[in-house]
Amino acid sequence: MNTSPRKSFDIAVIPGDGIGKEVMPEGLRVIDAVAERFSLDLAYRHIDWASCDYYDETGSMMPPDWRPQIGECDALYFGAVGWPARVPDHVSLWGSLLKFRRDFDQYINLRPVRLFEGVPCPLANRKPGDIDFFVVRENTEGEYTALGGRMFEGTERELVIQESVFTRTGTDRVLRYAFELAQSRPRKHLTVATKSNGIAVSMPYWDERADLMAQQYPGITVDRQHIDILTARFVLQPTRFDVVVASNLFGDILSDLGPACAGTIGLAPSANLNPDRLFPSLFEPVHGSAPDIYGKGIANPVAMIWSGALMLDFLGRDPTCPDGERYRRAHDAILSAIETVLAKGPRTPDLGGAARTEDLGKAIAELVKT
Ligand code: GGG
């Protein structure tokens, strides 16, 4: 009999829109299987808002009391948001996902990129190991703001201004996280994405803060690259990368491009972290709601499942969790099951197969049980 103390975690489960509703059950299937094997104590709070369906009914993405409903949870497990034919994308995004990131100060968006055995790679002559890096995306400021305005609307003189925000706190904390992550990895190499030759105020500031911080990490090699050549090198020289740190917009673009270079964005997970644990962190696939394939049952659930593994790993690192080791083993078991299924099948259409979403979910869940 196991008598060690157990900590229970509350998880808000938010499927959202489109294929978010199809991949979420597979994520939960795998978490349930691994929770049983490793005796993890997890309680779900199922949320049916933060979706365009809810917007259709109520005129907003979330209820007025959204924060008390989920703010005490230990983590948010999120599917996807957006249905542009019904709700403009900036309305659905700012009304849900971006609100969570900002209100819960999830200032790190950690996005692993990896080429797996068995996954067809669109880049010539690449093997697993050639693509294995992290994108660290700044997640609460930068180019993602609602600051700006329009003048002379509808006239020839129409004028639109969009502001970016780079605070010292916001810039330094994401750089610090990236340097620490690079420090923890064998290659100790950090790429800093910039565009200071064209964006002549915020990006020179970003470079300046990165240079200052580099002085505190003499063991790390730092490579500053403009975003245009950096994207080209993702395709042409992916082995160069170990940890890449980028502003909100550049990080968003890089973290779709990276997984596309490694076969499919259907595999790409993400962790929106409040590393200080003052608020819940959020775990979601990088992909969106994909209205074009919704309803066909062919979405790849691996990104959702891998995001669940990242969530368990993060929860297990909670200093108040006496059985964190079990959470880390649960993470490792999920990742190993994902590796096996990607190598041997079944495969969804984005991986060149004909399997259905639930075929992959069931195969991974079976493997994590043993
Ligand atoms: N699962 C993530 C999702 O629904 N993403 C939609 C999207 O457009 N996200 C933009 C962003 O991550 O900033």
# chains A, B, ... in the order shown; residues from 1 in each chain; ligands from 1

$ residues_near_ligand --ligand "ligand 1" --cutoff "7 Å" --atoms "only C-alpha atoms and all ligand atoms" --output "PyMOL selection string"
chain A and resi 78-82+93+252+284-289

$ write_last_selection --atoms "C-alpha atoms" --output "short mmCIF file (atom, residue, chain, number, x, y, z; two decimals), in the first residue's frame"
data_model
loop_
_atom_site.label_atom_id
_atom_site.label_comp_id
_atom_site.auth_asym_id
_atom_site.auth_seq_id
_atom_site.Cartn_x
_atom_site.Cartn_y
_atom_site.Cartn_z
CA PHE A 78 -6.84 24.48 -23.26
CA GLY A 79 -7.78 23.22 -26.75
CA ALA A 80 -8.08 25.90 -29.43
CA VAL A 81 -9.92 29.14 -30.07
CA GLY A 82 -11.38 30.80 -33.13
CA LEU A 93 -8.47 35.69 -29.21
CA ASP A 252 4.48 33.01 -32.61
CA GLU A 284 -2.35 24.07 -25.17
CA PRO A 285 -1.43 22.81 -28.62
CA VAL A 286 0.30 25.39 -30.82
CA HIS A 287 -2.29 24.77 -33.55
CA GLY A 288 -5.60 26.59 -33.73
CA SER A 289 -9.18 25.39 -34.23
#

$ residues_around --residues "Gly170 (chain A)" --least-positions-apart "4" --cutoff "12 Å" --atoms "only C-alpha atoms" --output "list of chain:residue names"
A:Arg102, A:Asp105, A:Gln106, A:Tyr107, A:Ile108, A:Arg137, A:Glu138, A:Asn139, A:Thr140, A:Glu141, A:Gly142, A:Val165, A:Phe166, A:Val174, A:Leu175, A:Arg176, A:Tyr177, A:Trp206, A:Arg209, A:Ser247, A:Asn248

$ write_last_selection --atoms "C-alpha atoms" --output "short mmCIF file (atom, residue, chain, number, x, y, z; two decimals), in the first residue's frame"
data_model
loop_
_atom_site.label_atom_id
_atom_site.label_comp_id
_atom_site.auth_asym_id
_atom_site.auth_seq_id
_atom_site.Cartn_x
_atom_site.Cartn_y
_atom_site.Cartn_z
CA ARG A 102 -2.20 38.51 -19.52
CA ASP A 105 0.75 36.82 -16.15
CA GLN A 106 1.83 33.74 -18.11
CA TYR A 107 4.86 35.53 -19.43
CA ILE A 108 6.69 32.55 -20.88
CA ARG A 137 8.24 33.27 -26.78
CA GLU A 138 7.54 36.43 -24.80
CA ASN A 139 3.85 36.08 -24.00
CA THR A 140 2.33 39.19 -22.40
CA GLU A 141 3.50 42.26 -24.32
CA GLY A 142 5.60 43.12 -27.41
CA VAL A 165 5.22 47.55 -25.76
CA PHE A 166 8.59 46.39 -24.43
CA VAL A 174 11.79 36.29 -20.74
CA LEU A 175 15.50 36.67 -21.55
CA ARG A 176 16.40 35.37 -18.06
CA TYR A 177 14.20 32.31 -18.54
CA TRP A 206 15.69 44.12 -26.90
CA ARG A 209 18.96 43.92 -22.71
CA SER A 247 9.32 38.61 -28.90
CA ASN A 248 5.63 37.76 -28.91
#

$ residues_around --residues "Asp41 (chain A)" --least-positions-apart "2" --cutoff "8 Å" --atoms "only C-alpha atoms" --output "count of residues only"
7

$ residues_around --residues "Val136 (chain A)" --least-positions-apart "5" --cutoff "12 Å" --atoms "only C-alpha atoms" --output "ChimeraX atom specification"
/A:107-113,171,173-182,190-193,242-255,270-273

$ atom_distance --atom1 "CA of Thr357 (chain A)" --atom2 "CA of Gly118 (chain A)"
17.7 Å

$ atom_distance --atom1 "CA of Ser92 (chain A)" --atom2 "CA of Leu147 (chain A)"
17.2 Å

$ residues_around --residues "Ala343 (chain A)" --least-positions-apart "4" --cutoff "10 Å" --atoms "only C-alpha atoms" --output "PyMOL selection string"
chain A and resi 116-119+337-339+347

$ write_last_selection --atoms "C-alpha atoms" --output "short mmCIF file (atom, residue, chain, number, x, y, z; two decimals), in the first residue's frame"
data_model
loop_
_atom_site.label_atom_id
_atom_site.label_comp_id
_atom_site.auth_asym_id
_atom_site.auth_seq_id
_atom_site.Cartn_x
_atom_site.Cartn_y
_atom_site.Cartn_z
CA PHE A 116 10.55 12.31 -34.26
CA GLU A 117 11.48 8.93 -35.70
CA GLY A 118 8.85 7.90 -38.22
CA VAL A 119 7.60 11.41 -39.00
CA ALA A 337 4.33 6.45 -25.75
CA ILE A 338 4.16 9.34 -28.26
CA GLU A 339 7.60 8.34 -29.63
CA ARG A 347 -0.92 7.81 -38.23
#

$ residues_around --residues "Arg37 (chain A)" --least-positions-apart "5" --cutoff "8 Å" --atoms "only C-alpha atoms" --output "list in words"
Val368, Lys369 and Thr370 of chain A

$ write_last_selection --atoms "C-alpha atoms" --output "JSON list (two decimals), in the first residue's frame"
[["chain", "number", "residue", "atom", "x", "y", "z"],
["A", 368, "VAL", "CA", 1.11, 4.64, -20.96],
["A", 369, "LYS", "CA", -0.72, 2.01, -18.90],
["A", 370, "THR", "CA", 2.29, -0.33, -18.95]]

$ decode --residues "region 33-185 of chain A" --atoms "C-alpha atoms" --output "PDB file, in the first residue's frame"
ATOM      1  CA  ALA A  33      -4.533   6.458 -18.049  1.00  0.00           C
ATOM      2  CA  VAL A  34      -1.271   7.854 -16.739  1.00  0.00           C
ATOM      3  CA  ALA A  35      -2.948   9.209 -13.574  1.00  0.00           C
ATOM      4  CA  GLU A  36      -4.174   5.721 -12.754  1.00  0.00           C
ATOM      5  CA  ARG A  37      -0.758   4.158 -13.322  1.00  0.00           C
ATOM      6  CA  PHE A  38       1.170   6.709 -11.240  1.00  0.00           C
ATOM      7  CA  SER A  39      -1.566   7.415  -8.633  1.00  0.00           C
ATOM      8  CA  LEU A  40      -1.865  11.095  -9.553  1.00  0.00           C
ATOM      9  CA  ASP A  41      -4.661  12.976  -7.856  1.00  0.00           C
ATOM     10  CA  LEU A  42      -6.268  15.225 -10.471  1.00  0.00           C
ATOM     11  CA  ALA A  43      -9.717  16.821 -10.465  1.00  0.00           C
ATOM     12  CA  TYR A  44     -11.208  18.338 -13.630  1.00  0.00           C
ATOM     13  CA  ARG A  45     -13.386  21.420 -13.856  1.00  0.00           C
ATOM     14  CA  HIS A  46     -15.077  21.284 -17.275  1.00  0.00           C
ATOM     15  CA  ILE A  47     -15.583  24.705 -18.858  1.00  0.00           C
ATOM     16  CA  ASP A  48     -17.901  25.230 -21.841  1.00  0.00           C
ATOM     17  CA  TRP A  49     -17.130  28.923 -22.386  1.00  0.00           C
ATOM     18  CA  ALA A  50     -14.058  30.588 -23.969  1.00  0.00           C
ATOM     19  CA  SER A  51     -15.530  29.507 -27.295  1.00  0.00           C
ATOM     20  CA  CYS A  52     -17.275  31.012 -30.292  1.00  0.00           C
ATOM     21  CA  ASP A  53     -20.364  28.883 -29.487  1.00  0.00           C
ATOM     22  CA  TYR A  54     -20.597  30.725 -26.173  1.00  0.00           C
ATOM     23  CA  TYR A  55     -20.072  34.038 -27.998  1.00  0.00           C
ATOM     24  CA  ASP A  56     -22.986  33.219 -30.335  1.00  0.00           C
ATOM     25  CA  GLU A  57     -25.231  32.656 -27.309  1.00  0.00           C
ATOM     26  CA  THR A  58     -24.117  35.548 -25.107  1.00  0.00           C
ATOM     27  CA  GLY A  59     -22.212  38.120 -27.164  1.00  0.00           C
ATOM     28  CA  SER A  60     -18.980  37.587 -25.232  1.00  0.00           C
ATOM     29  CA  MET A  61     -16.335  34.875 -25.079  1.00  0.00           C
ATOM     30  CA  MET A  62     -16.471  34.400 -21.315  1.00  0.00           C
ATOM     31  CA  PRO A  63     -18.910  35.024 -18.456  1.00  0.00           C
ATOM     32  CA  PRO A  64     -18.349  38.024 -16.129  1.00  0.00           C
ATOM     33  CA  ASP A  65     -17.284  35.670 -13.315  1.00  0.00           C
ATOM     34  CA  TRP A  66     -14.778  33.754 -15.458  1.00  0.00           C
ATOM     35  CA  ARG A  67     -11.903  34.540 -13.155  1.00  0.00           C
ATOM     36  CA  PRO A  68     -13.324  33.126  -9.884  1.00  0.00           C
ATOM     37  CA  GLN A  69     -14.465  30.067 -11.837  1.00  0.00           C
ATOM     38  CA  ILE A  70     -10.913  29.091 -12.864  1.00  0.00           C
ATOM     39  CA  GLY A  71      -8.462  31.407 -11.087  1.00  0.00           C
ATOM     40  CA  GLU A  72      -8.025  29.028  -8.156  1.00  0.00           C
ATOM     41  CA  CYS A  73      -7.228  26.085 -10.441  1.00  0.00           C
ATOM     42  CA  ASP A  74      -3.676  24.767 -10.526  1.00  0.00           C
ATOM     43  CA  ALA A  75      -3.590  24.643 -14.337  1.00  0.00           C
ATOM     44  CA  LEU A  76      -5.666  25.330 -17.421  1.00  0.00           C
ATOM     45  CA  TYR A  77      -5.752  22.658 -20.130  1.00  0.00           C
ATOM     46  CA  PHE A  78      -6.845  24.481 -23.264  1.00  0.00           C
ATOM     47  CA  GLY A  79      -7.778  23.222 -26.752  1.00  0.00           C
ATOM     48  CA  ALA A  80      -8.079  25.901 -29.434  1.00  0.00           C
ATOM     49  CA  VAL A  81      -9.918  29.137 -30.070  1.00  0.00           C
ATOM     50  CA  GLY A  82     -11.378  30.799 -33.132  1.00  0.00           C
ATOM     51  CA  TRP A  83     -14.068  30.469 -35.765  1.00  0.00           C
ATOM     52  CA  PRO A  84     -13.465  33.426 -38.058  1.00  0.00           C
ATOM     53  CA  ALA A  85     -16.605  32.890 -40.149  1.00  0.00           C
ATOM     54  CA  ARG A  86     -18.683  33.671 -37.022  1.00  0.00           C
ATOM     55  CA  VAL A  87     -16.468  35.811 -34.761  1.00  0.00           C
ATOM     56  CA  PRO A  88     -13.572  38.026 -35.918  1.00  0.00           C
ATOM     57  CA  ASP A  89     -10.304  36.369 -34.844  1.00  0.00           C
ATOM     58  CA  HIS A  90      -9.071  39.343 -32.847  1.00  0.00           C
ATOM     59  CA  VAL A  91     -12.334  39.326 -30.860  1.00  0.00           C
ATOM     60  CA  SER A  92     -12.193  35.609 -30.003  1.00  0.00           C
ATOM     61  CA  LEU A  93      -8.470  35.692 -29.209  1.00  0.00           C
ATOM     62  CA  TRP A  94      -8.477  38.860 -27.096  1.00  0.00           C
ATOM     63  CA  GLY A  95     -11.660  37.665 -25.378  1.00  0.00           C
ATOM     64  CA  SER A  96     -10.165  34.371 -24.189  1.00  0.00           C
ATOM     65  CA  LEU A  97      -6.631  33.067 -24.744  1.00  0.00           C
ATOM     66  CA  LEU A  98      -4.837  36.418 -24.692  1.00  0.00           C
ATOM     67  CA  LYS A  99      -6.876  37.416 -21.645  1.00  0.00           C
ATOM     68  CA  PHE A 100      -5.729  34.294 -19.791  1.00  0.00           C
ATOM     69  CA  ARG A 101      -2.097  34.915 -20.717  1.00  0.00           C
ATOM     70  CA  ARG A 102      -2.204  38.513 -19.519  1.00  0.00           C
ATOM     71  CA  ASP A 103      -4.489  38.287 -16.517  1.00  0.00           C
ATOM     72  CA  PHE A 104      -2.606  35.268 -15.201  1.00  0.00           C
ATOM     73  CA  ASP A 105       0.747  36.821 -16.152  1.00  0.00           C
ATOM     74  CA  GLN A 106       1.831  33.737 -18.111  1.00  0.00           C
ATOM     75  CA  TYR A 107       4.860  35.534 -19.428  1.00  0.00           C
ATOM     76  CA  ILE A 108       6.692  32.549 -20.876  1.00  0.00           C
ATOM     77  CA  ASN A 109       5.377  30.610 -23.844  1.00  0.00           C
ATOM     78  CA  LEU A 110       7.591  27.539 -24.032  1.00  0.00           C
ATOM     79  CA  ARG A 111       7.342  25.630 -27.303  1.00  0.00           C
ATOM     80  CA  PRO A 112       9.486  22.531 -27.891  1.00  0.00           C
ATOM     81  CA  VAL A 113      10.279  21.633 -31.515  1.00  0.00           C
ATOM     82  CA  ARG A 114      11.460  18.129 -32.330  1.00  0.00           C
ATOM     83  CA  LEU A 115      11.749  15.787 -35.307  1.00  0.00           C
ATOM     84  CA  PHE A 116      10.545  12.307 -34.257  1.00  0.00           C
ATOM     85  CA  GLU A 117      11.482   8.928 -35.696  1.00  0.00           C
ATOM     86  CA  GLY A 118       8.845   7.896 -38.224  1.00  0.00           C
ATOM     87  CA  VAL A 119       7.602  11.409 -39.002  1.00  0.00           C
ATOM     88  CA  PRO A 120       8.102  12.425 -42.638  1.00  0.00           C
ATOM     89  CA  CYS A 121      10.303  15.539 -42.651  1.00  0.00           C
ATOM     90  CA  PRO A 122       9.797  18.089 -45.454  1.00  0.00           C
ATOM     91  CA  LEU A 123      13.468  19.146 -45.203  1.00  0.00           C
ATOM     92  CA  ALA A 124      15.902  17.050 -47.239  1.00  0.00           C
ATOM     93  CA  ASN A 125      18.214  14.589 -45.450  1.00  0.00           C
ATOM     94  CA  ARG A 126      17.140  15.411 -41.909  1.00  0.00           C
ATOM     95  CA  LYS A 127      17.072  12.764 -39.191  1.00  0.00           C
ATOM     96  CA  PRO A 128      15.779  12.816 -35.580  1.00  0.00           C
ATOM     97  CA  GLY A 129      18.301  14.750 -33.507  1.00  0.00           C
ATOM     98  CA  ASP A 130      18.847  17.304 -36.267  1.00  0.00           C
ATOM     99  CA  ILE A 131      15.780  19.240 -35.117  1.00  0.00           C
ATOM    100  CA  ASP A 132      15.509  19.434 -31.347  1.00  0.00           C
ATOM    101  CA  PHE A 133      15.175  22.880 -29.832  1.00  0.00           C
ATOM    102  CA  PHE A 134      12.946  25.179 -27.788  1.00  0.00           C
ATOM    103  CA  VAL A 135      11.317  28.425 -28.814  1.00  0.00           C
ATOM    104  CA  VAL A 136      10.847  30.718 -25.801  1.00  0.00           C
ATOM    105  CA  ARG A 137       8.243  33.269 -26.784  1.00  0.00           C
ATOM    106  CA  GLU A 138       7.537  36.427 -24.799  1.00  0.00           C
ATOM    107  CA  ASN A 139       3.851  36.081 -24.003  1.00  0.00           C
ATOM    108  CA  THR A 140       2.329  39.186 -22.405  1.00  0.00           C
ATOM    109  CA  GLU A 141       3.502  42.262 -24.315  1.00  0.00           C
ATOM    110  CA  GLY A 142       5.602  43.116 -27.413  1.00  0.00           C
ATOM    111  CA  GLU A 143       3.751  43.446 -30.693  1.00  0.00           C
ATOM    112  CA  TYR A 144       0.575  41.899 -29.250  1.00  0.00           C
ATOM    113  CA  THR A 145      -1.234  44.950 -27.971  1.00  0.00           C
ATOM    114  CA  ALA A 146      -4.587  46.591 -28.527  1.00  0.00           C
ATOM    115  CA  LEU A 147      -2.896  50.005 -28.438  1.00  0.00           C
ATOM    116  CA  GLY A 148      -3.258  52.300 -31.388  1.00  0.00           C
ATOM    117  CA  GLY A 149      -5.997  53.892 -33.378  1.00  0.00           C
ATOM    118  CA  ARG A 150      -7.523  54.867 -36.687  1.00  0.00           C
ATOM    119  CA  MET A 151      -8.062  58.292 -38.146  1.00  0.00           C
ATOM    120  CA  PHE A 152      -9.861  59.561 -41.238  1.00  0.00           C
ATOM    121  CA  GLU A 153     -11.608  56.208 -41.564  1.00  0.00           C
ATOM    122  CA  GLY A 154     -13.044  55.477 -44.991  1.00  0.00           C
ATOM    123  CA  THR A 155     -11.197  58.362 -46.636  1.00  0.00           C
ATOM    124  CA  GLU A 156      -8.094  58.564 -48.798  1.00  0.00           C
ATOM    125  CA  ARG A 157      -6.279  59.915 -45.745  1.00  0.00           C
ATOM    126  CA  GLU A 158      -7.055  56.793 -43.674  1.00  0.00           C
ATOM    127  CA  LEU A 159      -4.336  56.251 -41.080  1.00  0.00           C
ATOM    128  CA  VAL A 160      -3.774  53.318 -38.725  1.00  0.00           C
ATOM    129  CA  ILE A 161      -1.286  53.168 -35.857  1.00  0.00           C
ATOM    130  CA  GLN A 162      -0.416  49.991 -33.930  1.00  0.00           C
ATOM    131  CA  GLU A 163       1.838  50.295 -30.882  1.00  0.00           C
ATOM    132  CA  SER A 164       4.237  47.715 -29.411  1.00  0.00           C
ATOM    133  CA  VAL A 165       5.224  47.546 -25.758  1.00  0.00           C
ATOM    134  CA  PHE A 166       8.593  46.386 -24.431  1.00  0.00           C
ATOM    135  CA  THR A 167       9.013  46.917 -20.692  1.00  0.00           C
ATOM    136  CA  ARG A 168      12.290  46.293 -18.910  1.00  0.00           C
ATOM    137  CA  THR A 169      10.585  43.805 -16.584  1.00  0.00           C
ATOM    138  CA  GLY A 170       8.874  41.994 -19.440  1.00  0.00           C
ATOM    139  CA  THR A 171      11.996  41.872 -21.587  1.00  0.00           C
ATOM    140  CA  ASP A 172      14.397  40.841 -18.828  1.00  0.00           C
ATOM    141  CA  ARG A 173      12.218  38.083 -17.403  1.00  0.00           C
ATOM    142  CA  VAL A 174      11.794  36.286 -20.736  1.00  0.00           C
ATOM    143  CA  LEU A 175      15.495  36.672 -21.548  1.00  0.00           C
ATOM    144  CA  ARG A 176      16.402  35.375 -18.063  1.00  0.00           C
ATOM    145  CA  TYR A 177      14.199  32.309 -18.540  1.00  0.00           C
ATOM    146  CA  ALA A 178      15.777  31.601 -21.937  1.00  0.00           C
ATOM    147  CA  PHE A 179      19.328  31.986 -20.621  1.00  0.00           C
ATOM    148  CA  GLU A 180      18.538  29.645 -17.715  1.00  0.00           C
ATOM    149  CA  LEU A 181      17.007  27.097 -20.082  1.00  0.00           C
ATOM    150  CA  ALA A 182      20.051  27.272 -22.368  1.00  0.00           C
ATOM    151  CA  GLN A 183      22.278  26.883 -19.299  1.00  0.00           C
ATOM    152  CA  SER A 184      20.481  23.646 -18.413  1.00  0.00           C
ATOM    153  CA  ARG A 185      21.046  22.096 -21.846  1.00  0.00           C
TER     154      ARG A 185
END
